[in-house]
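Everything below belongs to upload-v3.txt, which stores compact mmCIF, N, CA, C and O atoms.
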```txt
# COMPACT_ATOMS: atom_id res chain seq x y z
N MET B 1 -22.26 -25.03 -89.42
CA MET B 1 -22.32 -25.52 -90.78
C MET B 1 -21.16 -26.50 -90.97
O MET B 1 -20.08 -26.31 -90.44
N ALA B 2 -21.45 -27.54 -91.74
CA ALA B 2 -20.42 -28.54 -92.03
C ALA B 2 -20.37 -28.77 -93.54
O ALA B 2 -21.40 -28.84 -94.20
N THR B 3 -19.17 -28.86 -94.07
CA THR B 3 -18.97 -29.18 -95.47
C THR B 3 -18.47 -30.61 -95.54
O THR B 3 -17.47 -30.95 -94.91
N ILE B 4 -19.19 -31.44 -96.28
CA ILE B 4 -18.84 -32.85 -96.40
C ILE B 4 -18.44 -33.13 -97.83
O ILE B 4 -19.18 -32.79 -98.76
N ALA B 5 -17.29 -33.72 -98.02
CA ALA B 5 -16.79 -34.02 -99.37
C ALA B 5 -17.69 -35.05 -100.03
O ALA B 5 -18.23 -35.93 -99.37
N PRO B 6 -17.88 -34.95 -101.35
CA PRO B 6 -18.66 -35.96 -102.07
C PRO B 6 -18.04 -37.34 -101.87
O PRO B 6 -16.82 -37.48 -101.70
N TYR B 7 -18.89 -38.36 -101.87
CA TYR B 7 -18.45 -39.73 -101.70
C TYR B 7 -18.74 -40.49 -102.99
O TYR B 7 -19.84 -40.39 -103.54
N ALA B 8 -17.76 -41.22 -103.47
CA ALA B 8 -17.95 -42.02 -104.68
C ALA B 8 -17.42 -43.42 -104.44
O ALA B 8 -16.40 -43.62 -103.77
N ALA B 9 -18.15 -44.40 -104.98
CA ALA B 9 -17.74 -45.80 -104.92
C ALA B 9 -18.18 -46.44 -106.23
O ALA B 9 -19.37 -46.51 -106.52
N GLY B 10 -17.21 -46.85 -107.02
CA GLY B 10 -17.54 -47.42 -108.32
C GLY B 10 -18.26 -46.39 -109.16
O GLY B 10 -17.80 -45.26 -109.33
N ALA B 11 -19.44 -46.74 -109.68
CA ALA B 11 -20.22 -45.85 -110.53
C ALA B 11 -21.23 -45.01 -109.75
O ALA B 11 -22.07 -44.35 -110.34
N ALA B 12 -21.16 -45.04 -108.42
CA ALA B 12 -22.12 -44.31 -107.59
C ALA B 12 -21.47 -43.07 -106.98
O ALA B 12 -20.27 -43.07 -106.67
N ARG B 13 -22.27 -42.01 -106.80
CA ARG B 13 -21.78 -40.77 -106.20
C ARG B 13 -22.86 -40.16 -105.33
O ARG B 13 -24.03 -40.13 -105.69
N LEU B 14 -22.46 -39.65 -104.16
CA LEU B 14 -23.35 -38.99 -103.22
C LEU B 14 -22.71 -37.66 -102.84
O LEU B 14 -21.54 -37.62 -102.46
N ALA B 15 -23.48 -36.57 -102.97
CA ALA B 15 -22.97 -35.25 -102.61
C ALA B 15 -24.01 -34.51 -101.78
O ALA B 15 -25.21 -34.64 -102.01
N LEU B 16 -23.53 -33.73 -100.81
CA LEU B 16 -24.39 -32.92 -99.96
C LEU B 16 -23.99 -31.46 -100.08
O LEU B 16 -22.80 -31.15 -100.17
N THR B 17 -24.98 -30.56 -100.07
CA THR B 17 -24.65 -29.15 -99.94
C THR B 17 -24.20 -28.94 -98.50
O THR B 17 -24.35 -29.84 -97.66
N PRO B 18 -23.63 -27.77 -98.17
CA PRO B 18 -23.24 -27.56 -96.77
C PRO B 18 -24.41 -27.88 -95.83
O PRO B 18 -25.55 -27.50 -96.08
N VAL B 19 -24.10 -28.60 -94.78
CA VAL B 19 -25.11 -29.05 -93.81
C VAL B 19 -25.21 -27.98 -92.71
O VAL B 19 -24.19 -27.61 -92.12
N THR B 20 -26.43 -27.51 -92.47
CA THR B 20 -26.61 -26.50 -91.42
C THR B 20 -27.26 -27.14 -90.20
O THR B 20 -28.07 -28.06 -90.32
N PHE B 21 -26.88 -26.65 -89.04
CA PHE B 21 -27.39 -27.12 -87.76
C PHE B 21 -27.91 -25.91 -87.00
O PHE B 21 -27.25 -24.87 -86.95
N SER B 22 -29.08 -26.04 -86.40
CA SER B 22 -29.59 -24.95 -85.56
C SER B 22 -30.46 -25.53 -84.45
O SER B 22 -31.04 -26.60 -84.60
N ALA B 23 -30.52 -24.79 -83.35
CA ALA B 23 -31.33 -25.22 -82.21
C ALA B 23 -32.78 -24.80 -82.43
O ALA B 23 -33.05 -23.71 -82.94
N THR B 24 -33.70 -25.68 -82.05
CA THR B 24 -35.12 -25.35 -82.11
C THR B 24 -35.59 -24.91 -80.73
O THR B 24 -34.93 -25.20 -79.73
N PRO B 25 -36.73 -24.20 -80.64
CA PRO B 25 -37.23 -23.77 -79.33
C PRO B 25 -37.44 -24.94 -78.36
O PRO B 25 -37.29 -24.77 -77.16
N GLY B 26 -37.76 -26.13 -78.86
CA GLY B 26 -37.98 -27.28 -77.99
C GLY B 26 -36.70 -27.99 -77.57
O GLY B 26 -36.75 -28.97 -76.84
N GLY B 27 -35.55 -27.53 -78.05
CA GLY B 27 -34.29 -28.12 -77.65
C GLY B 27 -33.72 -29.13 -78.63
O GLY B 27 -32.62 -29.64 -78.44
N ALA B 28 -34.44 -29.45 -79.67
CA ALA B 28 -33.93 -30.38 -80.69
C ALA B 28 -32.95 -29.64 -81.60
O ALA B 28 -32.91 -28.41 -81.62
N THR B 29 -32.19 -30.39 -82.35
CA THR B 29 -31.29 -29.82 -83.34
C THR B 29 -31.90 -30.01 -84.72
O THR B 29 -32.24 -31.13 -85.10
N SER B 30 -32.03 -28.92 -85.45
CA SER B 30 -32.52 -28.96 -86.83
C SER B 30 -31.31 -29.12 -87.75
O SER B 30 -30.30 -28.43 -87.60
N ILE B 31 -31.42 -30.04 -88.69
CA ILE B 31 -30.34 -30.33 -89.63
C ILE B 31 -30.91 -30.20 -91.04
O ILE B 31 -31.96 -30.77 -91.34
N ALA B 32 -30.23 -29.44 -91.90
CA ALA B 32 -30.74 -29.24 -93.26
C ALA B 32 -29.61 -29.32 -94.27
O ALA B 32 -28.50 -28.82 -94.03
N THR B 33 -29.89 -29.94 -95.41
CA THR B 33 -28.96 -30.02 -96.53
C THR B 33 -29.74 -30.39 -97.77
O THR B 33 -30.96 -30.53 -97.72
N ARG B 34 -29.05 -30.55 -98.87
CA ARG B 34 -29.65 -31.04 -100.10
C ARG B 34 -28.74 -32.16 -100.59
O ARG B 34 -27.53 -31.99 -100.66
N VAL B 35 -29.31 -33.31 -100.89
CA VAL B 35 -28.54 -34.47 -101.32
C VAL B 35 -28.72 -34.67 -102.82
O VAL B 35 -29.81 -34.47 -103.36
N THR B 36 -27.64 -35.02 -103.50
CA THR B 36 -27.68 -35.38 -104.92
C THR B 36 -26.95 -36.70 -105.07
O THR B 36 -25.83 -36.86 -104.57
N LEU B 37 -27.60 -37.66 -105.74
CA LEU B 37 -26.94 -38.93 -105.93
C LEU B 37 -27.12 -39.46 -107.34
O LEU B 37 -28.09 -39.16 -108.02
N SER B 38 -26.15 -40.22 -107.76
CA SER B 38 -26.15 -40.87 -109.06
C SER B 38 -25.57 -42.26 -108.88
O SER B 38 -24.69 -42.46 -108.05
N GLY B 39 -26.07 -43.20 -109.67
CA GLY B 39 -25.49 -44.53 -109.62
C GLY B 39 -26.49 -45.62 -109.89
O GLY B 39 -27.67 -45.36 -110.17
N PRO B 40 -26.02 -46.84 -109.80
CA PRO B 40 -26.88 -47.99 -110.06
C PRO B 40 -27.93 -48.16 -108.97
O PRO B 40 -27.70 -47.81 -107.82
N ILE B 41 -29.10 -48.64 -109.37
CA ILE B 41 -30.16 -48.95 -108.42
C ILE B 41 -30.68 -50.34 -108.73
O ILE B 41 -30.44 -50.88 -109.80
N GLY B 42 -31.39 -50.90 -107.81
CA GLY B 42 -31.93 -52.25 -108.04
C GLY B 42 -30.82 -53.24 -108.30
O GLY B 42 -29.89 -53.35 -107.52
N GLY B 43 -30.91 -53.91 -109.43
CA GLY B 43 -29.92 -54.91 -109.80
C GLY B 43 -28.60 -54.33 -110.27
O GLY B 43 -27.66 -55.06 -110.54
N GLY B 44 -28.51 -53.00 -110.37
CA GLY B 44 -27.28 -52.35 -110.80
C GLY B 44 -27.09 -52.47 -112.31
O GLY B 44 -27.97 -52.87 -113.04
N GLY B 45 -25.92 -52.10 -112.76
CA GLY B 45 -25.61 -52.16 -114.18
C GLY B 45 -26.19 -50.97 -114.93
O GLY B 45 -26.92 -50.16 -114.39
N SER B 46 -25.83 -50.87 -116.20
CA SER B 46 -26.24 -49.72 -117.00
C SER B 46 -27.74 -49.66 -117.25
O SER B 46 -28.28 -48.61 -117.56
N ALA B 47 -28.44 -50.78 -117.14
CA ALA B 47 -29.89 -50.77 -117.37
C ALA B 47 -30.67 -50.26 -116.17
O ALA B 47 -31.84 -49.94 -116.30
N ASN B 48 -30.05 -50.18 -115.01
CA ASN B 48 -30.71 -49.74 -113.78
C ASN B 48 -29.87 -48.64 -113.13
O ASN B 48 -29.07 -48.91 -112.24
N ARG B 49 -30.08 -47.41 -113.57
CA ARG B 49 -29.25 -46.31 -113.10
C ARG B 49 -30.08 -45.05 -112.98
O ARG B 49 -31.01 -44.82 -113.74
N VAL B 50 -29.73 -44.20 -112.02
CA VAL B 50 -30.33 -42.88 -111.88
C VAL B 50 -29.19 -41.87 -111.85
O VAL B 50 -28.12 -42.16 -111.31
N ASP B 51 -29.40 -40.71 -112.46
CA ASP B 51 -28.38 -39.66 -112.48
C ASP B 51 -28.96 -38.35 -111.97
O ASP B 51 -30.03 -37.93 -112.40
N GLY B 52 -28.23 -37.73 -111.05
CA GLY B 52 -28.63 -36.43 -110.56
C GLY B 52 -29.92 -36.40 -109.78
O GLY B 52 -30.63 -35.41 -109.82
N LEU B 53 -30.25 -37.45 -109.06
CA LEU B 53 -31.44 -37.44 -108.20
C LEU B 53 -31.14 -36.51 -107.03
O LEU B 53 -30.19 -36.72 -106.28
N ALA B 54 -31.93 -35.44 -106.91
CA ALA B 54 -31.66 -34.43 -105.89
C ALA B 54 -32.91 -34.14 -105.07
O ALA B 54 -34.01 -34.10 -105.62
N MET B 55 -32.71 -33.94 -103.77
CA MET B 55 -33.83 -33.62 -102.89
C MET B 55 -33.32 -32.95 -101.62
O MET B 55 -32.18 -33.18 -101.19
N PRO B 56 -34.17 -32.12 -101.01
CA PRO B 56 -33.78 -31.52 -99.74
C PRO B 56 -33.91 -32.54 -98.61
O PRO B 56 -34.70 -33.48 -98.69
N VAL B 57 -33.11 -32.34 -97.59
CA VAL B 57 -33.20 -33.16 -96.39
C VAL B 57 -33.39 -32.22 -95.21
O VAL B 57 -32.60 -31.30 -95.01
N ALA B 58 -34.47 -32.42 -94.47
CA ALA B 58 -34.75 -31.64 -93.27
C ALA B 58 -34.96 -32.63 -92.13
O ALA B 58 -35.87 -33.45 -92.17
N ALA B 59 -34.10 -32.56 -91.13
CA ALA B 59 -34.15 -33.53 -90.04
C ALA B 59 -34.20 -32.82 -88.69
O ALA B 59 -33.74 -31.69 -88.56
N LEU B 60 -34.73 -33.52 -87.71
CA LEU B 60 -34.70 -33.08 -86.32
C LEU B 60 -34.11 -34.19 -85.47
O LEU B 60 -34.51 -35.35 -85.57
N TRP B 61 -33.14 -33.83 -84.64
CA TRP B 61 -32.50 -34.79 -83.75
C TRP B 61 -32.71 -34.32 -82.32
O TRP B 61 -32.42 -33.16 -81.98
N ASP B 62 -33.21 -35.22 -81.46
CA ASP B 62 -33.50 -34.82 -80.08
C ASP B 62 -32.30 -34.95 -79.15
O ASP B 62 -32.38 -34.60 -77.99
N GLY B 63 -31.18 -35.45 -79.65
CA GLY B 63 -29.98 -35.58 -78.82
C GLY B 63 -29.97 -36.83 -77.96
O GLY B 63 -29.00 -37.10 -77.27
N ARG B 64 -31.02 -37.61 -78.00
CA ARG B 64 -31.12 -38.81 -77.17
C ARG B 64 -31.32 -40.08 -78.01
O ARG B 64 -31.63 -41.12 -77.45
N GLY B 65 -31.25 -39.96 -79.33
CA GLY B 65 -31.40 -41.15 -80.14
C GLY B 65 -32.53 -41.11 -81.15
O GLY B 65 -32.65 -41.99 -81.99
N ARG B 66 -33.37 -40.10 -81.10
CA ARG B 66 -34.48 -39.99 -82.06
C ARG B 66 -34.11 -39.02 -83.16
O ARG B 66 -33.82 -37.85 -82.92
N LEU B 67 -34.13 -39.51 -84.40
CA LEU B 67 -33.85 -38.70 -85.58
C LEU B 67 -35.05 -38.82 -86.51
O LEU B 67 -35.43 -39.93 -86.90
N VAL B 68 -35.67 -37.70 -86.86
CA VAL B 68 -36.82 -37.69 -87.75
C VAL B 68 -36.40 -36.94 -89.02
O VAL B 68 -35.88 -35.83 -88.94
N VAL B 69 -36.62 -37.57 -90.18
CA VAL B 69 -36.17 -37.00 -91.45
C VAL B 69 -37.36 -36.81 -92.40
O VAL B 69 -38.15 -37.72 -92.59
N ASN B 70 -37.45 -35.63 -93.00
CA ASN B 70 -38.45 -35.31 -94.03
C ASN B 70 -39.83 -35.85 -93.67
O ASN B 70 -40.33 -36.79 -94.28
N THR B 71 -40.46 -35.22 -92.72
CA THR B 71 -41.76 -35.70 -92.24
C THR B 71 -42.92 -35.43 -93.19
O THR B 71 -43.97 -36.04 -93.07
N GLY B 72 -42.76 -34.52 -94.13
CA GLY B 72 -43.83 -34.21 -95.07
C GLY B 72 -43.43 -34.60 -96.49
O GLY B 72 -42.45 -35.31 -96.70
N CYS B 73 -44.20 -34.11 -97.44
CA CYS B 73 -43.87 -34.34 -98.84
C CYS B 73 -42.54 -33.68 -99.16
O CYS B 73 -42.29 -32.56 -98.71
N THR B 74 -41.71 -34.35 -99.91
CA THR B 74 -40.39 -33.84 -100.24
C THR B 74 -40.24 -33.78 -101.75
O THR B 74 -40.23 -34.82 -102.41
N PRO B 75 -40.15 -32.58 -102.31
CA PRO B 75 -39.98 -32.49 -103.77
C PRO B 75 -38.60 -32.98 -104.18
O PRO B 75 -37.63 -32.80 -103.45
N TRP B 76 -38.54 -33.61 -105.33
CA TRP B 76 -37.25 -34.07 -105.83
C TRP B 76 -37.22 -33.94 -107.34
O TRP B 76 -38.23 -33.77 -107.99
N ARG B 77 -36.02 -34.01 -107.88
CA ARG B 77 -35.85 -33.95 -109.32
C ARG B 77 -34.70 -34.88 -109.69
O ARG B 77 -33.89 -35.28 -108.86
N CYS B 78 -34.64 -35.22 -110.96
CA CYS B 78 -33.48 -35.98 -111.44
C CYS B 78 -33.17 -35.54 -112.85
O CYS B 78 -34.04 -35.11 -113.60
N SER B 79 -31.89 -35.62 -113.20
CA SER B 79 -31.46 -35.17 -114.52
C SER B 79 -31.47 -36.31 -115.53
O SER B 79 -31.43 -36.08 -116.72
N GLY B 80 -31.55 -37.54 -115.05
CA GLY B 80 -31.59 -38.66 -115.97
C GLY B 80 -31.79 -39.97 -115.25
O GLY B 80 -31.39 -40.13 -114.11
N SER B 81 -32.45 -40.88 -115.92
CA SER B 81 -32.72 -42.18 -115.33
C SER B 81 -33.05 -43.17 -116.43
O SER B 81 -33.54 -42.81 -117.48
N ARG B 82 -32.78 -44.41 -116.18
CA ARG B 82 -33.19 -45.46 -117.10
C ARG B 82 -34.67 -45.75 -116.93
O ARG B 82 -35.24 -46.56 -117.63
N TYR B 83 -35.29 -45.09 -115.96
CA TYR B 83 -36.73 -45.20 -115.72
C TYR B 83 -37.33 -43.85 -116.09
O TYR B 83 -37.45 -42.98 -115.25
N PRO B 84 -37.72 -43.63 -117.33
CA PRO B 84 -38.18 -42.31 -117.78
C PRO B 84 -39.29 -41.71 -116.93
O PRO B 84 -39.33 -40.51 -116.74
N ASP B 85 -40.20 -42.52 -116.41
CA ASP B 85 -41.29 -41.98 -115.59
C ASP B 85 -40.78 -41.26 -114.35
O ASP B 85 -41.39 -40.33 -113.88
N TRP B 86 -39.65 -41.71 -113.82
CA TRP B 86 -39.11 -41.06 -112.64
C TRP B 86 -38.84 -39.60 -112.90
O TRP B 86 -39.11 -38.75 -112.10
N CYS B 87 -38.24 -39.32 -114.05
CA CYS B 87 -37.79 -37.96 -114.33
C CYS B 87 -38.83 -37.11 -115.06
O CYS B 87 -38.80 -35.90 -114.96
N SER B 88 -39.74 -37.73 -115.76
CA SER B 88 -40.70 -36.94 -116.52
C SER B 88 -41.91 -36.54 -115.69
O SER B 88 -42.49 -35.49 -115.91
N THR B 89 -42.29 -37.33 -114.72
CA THR B 89 -43.51 -37.03 -113.97
C THR B 89 -43.25 -36.44 -112.59
O THR B 89 -44.16 -35.96 -111.95
N CYS B 90 -42.01 -36.45 -112.13
CA CYS B 90 -41.76 -36.03 -110.75
C CYS B 90 -40.85 -34.83 -110.62
O CYS B 90 -40.40 -34.53 -109.55
N ARG B 91 -40.58 -34.14 -111.70
CA ARG B 91 -39.74 -32.96 -111.61
C ARG B 91 -40.43 -31.87 -110.81
O ARG B 91 -41.62 -31.74 -110.84
N VAL B 92 -39.61 -31.07 -110.15
CA VAL B 92 -40.15 -29.93 -109.42
C VAL B 92 -39.45 -28.67 -109.90
O VAL B 92 -38.41 -28.71 -110.48
```
Take the structure I supplied and represent it as structure tokens, if you would.
Amino acid sequence: MATIAPYAAGAARLALTPVTFSATPGGATSIATRVTLSGPIGGGGSANRVDGLAMPVAALWDGRGRLVVNTGCTPWRCSGSRYPDWCSTCRV
């Protein structure tokens, strides 16, 4: 397990829950965490912002250069956005 400190730059912030690593029967490494981000999107500025966008991350790494992330549908939620449809229709 790895704990990664939140990263912030200007009005943007990225945070991960503790990242877990485990071996799969096929020899790949399974990596899992949950990411939460807030900040400007698109053209930036206060008119283009998302707050608290959160989603799980499930990845497989083969150790030789192939990394596969979230191969299926991935539920996500957000606590606020300047794009109301993002948060009203896609909550989980």
>> DSSP on the backbone, strand (DSSP E or B) only: what residues of chain B does that give? Format it as a VMD selection string.
In response: chain B and resid 2 7 to 9 12 to 16 19 to 23 29 to 40 49 to 61 67 to 69 77 80 to 81
> From the list B:Ala28, B:Val19, B:Leu60, B:Met55, which residue is nearest Thr74 (chain B) when using only C-alpha atoms?
Replying inline: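 Ranked by minimum distance to Thr74 (chain B), first place goes to B:Met55.
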>> Using only N, CA, C and O atoms for the distances, tell me which of B:Ala47, B:Gly42, B:Ile4, B:Thr29 is nearest to Arg66 (chain B).
In response: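 Going through B:Ala47, B:Gly42, B:Ile4, B:Thr29 one by one, the smallest distance to Arg66 (chain B) is for B:Thr29.
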>> I want to know what sits within 10 Å of Asn70 (chain B), based on only C-alpha atoms, with residues of the same chain fewer than 2 positions away left out; could you give that as a ChimeraX atom specification?
In response: /B:32,56-60,68,72-74
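Minimum atom-to-atom distances from B:Ala15, B:Ala5, B:Leu67, B:Ala23 to Leu53 (chain B) were compared using only N, CA, C and O atoms, and the lowest value belongs to B:Ala15.
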> Mind pulling up the distance from atom O of Met1 (chain B) to CA of Thr20 (chain B)?
Replying inline: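 Here the two named atoms are 6.6 Å from each other.
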> Hey, can you check how far CA of Pro40 (chain B) sits from CA of Thr71 (chain B)?
Replying inline: 26.3 Å
> Mind pulling up the distance from atom O of Phe21 (chain B) to atom C of Val69 (chain B)?
Replying inline: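 Result for atom C of Val69 (chain B) versus atom O of Phe21 (chain B): 16.6 Å, one decimal.
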>> With distances taken over only C-alpha atoms, which residue among B:Gly43, B:Ala12, B:Val50, B:Thr36 lies nearest Trp76 (chain B)?
In response: B:Thr36
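Minimum atom-to-atom distance to Ala2 (chain B), evaluated using only N, CA, C and O atoms, belongs to B:Thr33 out of B:Pro25, B:Gly39, B:Ser79, B:Thr33.
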> Quick one: of B:Pro18, B:Ala11, B:Val35, B:Pro6, who's nearest to Arg49 (chain B), counting only N, CA, C and O atoms?
Replying inline: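 Of B:Pro18, B:Ala11, B:Val35, B:Pro6, the one nearest Arg49 (chain B), counting only N, CA, C and O atoms, is B:Ala11.
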